[in-house]
Amino acid sequence: MVLTIGLFISWIVYGIVPVGSLFTIYVFAALYLISVQGMGLLISTFASTQQQAILLSFFLLMIFILLGGLFTSIDSMPVWAQILTKFNPVSYFIEVMRMVVLKGSTLFDIRHHLFKILVFGPVLNSLARWNFRKRTWCSFL
């Protein structure tokens, strides 16, 4: 819904129309949301309170956005930051949005990004499930 509103506002206010397919954008966004949801669930399993989870999420979100390539080119970052960017789902979303909106890329063109996001989702959700199970099992002892 928010993505649709953002695309609508970019069309109405700025006249930006995606060159690529909206279907490609929505498919990647759905897979991206699954991986980000896993990250949120993982954070919530580590936090003791809701406030801790919110602050930790906000802190990580700021780092992910700053290291995502939105404001600074990834190529101009130090080597350690470029390595960290490989483990940042936000960087893949930013790159795919640029590819689809500006270049008209298709699902075939973003297949490497799709594969990486398809790996993030199950890994993060599995880690969250494992950590939740570990914590709930230990609490019964």
# chains A, B, ... in the order shown; residues from 1 in each chain; ligands from 1

$ residues_around --residues "Leu84 (chain A)" --least-positions-apart "3" --cutoff "12 Å" --atoms "only C-alpha atoms" --output "list in words"
Ile63, Phe64, Leu66, Leu67, Gly68, Gly69, Ile74, Met77, Pro78, Val79, Trp80, Ala81, Phe87, Asn88, Pro89, Val90 and Ser91 of chain A

$ write_last_selection --atoms "N, CA and C atoms" --output "mmCIF file, in the first residue's frame"
data_model
loop_
_atom_site.group_PDB
_atom_site.id
_atom_site.type_symbol
_atom_site.label_atom_id
_atom_site.label_comp_id
_atom_site.auth_asym_id
_atom_site.auth_seq_id
_atom_site.Cartn_x
_atom_site.Cartn_y
_atom_site.Cartn_z
ATOM 1 N N ILE A 63 21.545 2.617 10.063
ATOM 2 C CA ILE A 63 22.791 2.078 9.508
ATOM 3 C C ILE A 63 22.538 1.477 8.130
ATOM 4 N N PHE A 64 21.458 0.707 7.996
ATOM 5 C CA PHE A 64 21.156 0.080 6.712
ATOM 6 C C PHE A 64 20.884 1.115 5.628
ATOM 7 N N LEU A 66 21.994 4.294 5.570
ATOM 8 C CA LEU A 66 23.233 5.015 5.262
ATOM 9 C C LEU A 66 24.215 4.156 4.477
ATOM 10 N N LEU A 67 24.224 2.849 4.728
ATOM 11 C CA LEU A 67 25.123 1.949 4.001
ATOM 12 C C LEU A 67 24.431 1.291 2.809
ATOM 13 N N GLY A 68 23.237 1.750 2.470
ATOM 14 C CA GLY A 68 22.482 1.132 1.394
ATOM 15 C C GLY A 68 22.784 1.661 0.012
ATOM 16 N N GLY A 69 23.490 2.756 -0.092
ATOM 17 C CA GLY A 69 23.802 3.309 -1.394
ATOM 18 C C GLY A 69 22.819 4.351 -1.873
ATOM 19 N N ILE A 74 28.010 3.081 -3.342
ATOM 20 C CA ILE A 74 28.670 1.961 -2.659
ATOM 21 C C ILE A 74 30.123 1.852 -3.099
ATOM 22 N N MET A 77 32.519 3.924 -1.020
ATOM 23 C CA MET A 77 32.635 3.596 0.403
ATOM 24 C C MET A 77 33.934 2.854 0.668
ATOM 25 N N PRO A 78 34.395 2.873 1.926
ATOM 26 C CA PRO A 78 35.577 2.064 2.260
ATOM 27 C C PRO A 78 35.285 0.577 2.046
ATOM 28 N N VAL A 79 36.327 -0.206 1.951
ATOM 29 C CA VAL A 79 36.180 -1.635 1.653
ATOM 30 C C VAL A 79 35.332 -2.337 2.716
ATOM 31 N N TRP A 80 35.533 -2.006 3.995
ATOM 32 C CA TRP A 80 34.769 -2.661 5.053
ATOM 33 C C TRP A 80 33.278 -2.358 4.921
ATOM 34 N N ALA A 81 32.946 -1.144 4.480
ATOM 35 C CA ALA A 81 31.541 -0.778 4.296
ATOM 36 C C ALA A 81 30.948 -1.489 3.079
ATOM 37 N N PHE A 87 25.512 -7.664 3.032
ATOM 38 C CA PHE A 87 24.592 -8.276 3.993
ATOM 39 C C PHE A 87 23.457 -7.327 4.369
ATOM 40 N N ASN A 88 23.203 -6.346 3.520
ATOM 41 C CA ASN A 88 22.206 -5.317 3.781
ATOM 42 C C ASN A 88 21.071 -5.433 2.770
ATOM 43 N N PRO A 89 19.896 -5.929 3.182
ATOM 44 C CA PRO A 89 18.795 -6.058 2.228
ATOM 45 C C PRO A 89 18.332 -4.729 1.639
ATOM 46 N N VAL A 90 18.501 -3.639 2.372
ATOM 47 C CA VAL A 90 18.083 -2.323 1.877
ATOM 48 C C VAL A 90 18.862 -1.955 0.617
ATOM 49 N N SER A 91 20.141 -2.308 0.569
ATOM 50 C CA SER A 91 20.953 -1.963 -0.604
ATOM 51 C C SER A 91 20.433 -2.657 -1.855
#

$ select_by_dssp --residues "chain A" --states "alpha helix (DSSP H)" --output "PyMOL selection string"
chain A and resi 2-14+22-46+50-66+79-85+89-98+111-139

$ atom_distance --atom1 "CA of Ser44 (chain A)" --atom2 "CA of Leu124 (chain A)"
12.1 Å

$ atom_distance --atom1 "CA of Ser57 (chain A)" --atom2 "CA of Gly40 (chain A)"
7.2 Å

$ closest_atom_pairs --of "region 21-118 of chain A" --to "region 128-132 of chain A" --cutoff "12 Å" --atoms "only C-alpha atoms" --output "CSV"
residue,atom,partner,partner_atom,distance
A:Ser35,CA,A:Ala128,CA,11.2
A:Val36,CA,A:Ala128,CA,11.6
A:Gln37,CA,A:Ala128,CA,9.9
A:Gly38,CA,A:Ala128,CA,6.6
A:Met39,CA,A:Ala128,CA,7.7
A:Gly40,CA,A:Ala128,CA,8.6
A:Leu41,CA,A:Ala128,CA,5.7
A:Leu42,CA,A:Ala128,CA,4.2
A:Ile43,CA,A:Ala128,CA,7.9
A:Ser44,CA,A:Ala128,CA,8.3
A:Thr45,CA,A:Phe132,CA,5.7
A:Phe46,CA,A:Asn131,CA,7.9
A:Ala47,CA,A:Phe132,CA,10.9

$ closest_atom_pairs --of "region 24-78 of chain A" --to "region 97-113 of chain A" --cutoff "9 Å" --atoms "only C-alpha atoms" --output "tab-separated table"
residue	atom	partner	partner_atom	distance
A:Thr24	CA	A:Leu107	CA	5.8
A:Ile25	CA	A:Val100	CA	7.0
A:Val27	CA	A:Leu107	CA	8.6
A:Phe28	CA	A:Leu107	CA	8.5

$ write_last_selection --atoms "C-alpha atoms" --output "mmCIF file, in the first residue's frame"
data_model
loop_
_atom_site.group_PDB
_atom_site.id
_atom_site.type_symbol
_atom_site.label_atom_id
_atom_site.label_comp_id
_atom_site.auth_asym_id
_atom_site.auth_seq_id
_atom_site.Cartn_x
_atom_site.Cartn_y
_atom_site.Cartn_z
ATOM 1 C CA THR A 24 8.576 -6.536 -11.260
ATOM 2 C CA ILE A 25 8.611 -3.853 -8.587
ATOM 3 C CA VAL A 27 7.342 -9.025 -6.829
ATOM 4 C CA PHE A 28 10.673 -7.826 -5.532
#

$ residues_around --residues "Phe8 (chain A)" --least-positions-apart "5" --cutoff "9 Å" --atoms "only C-alpha atoms" --output "MDAnalysis selection string"
chainID A and resid 3 13 17
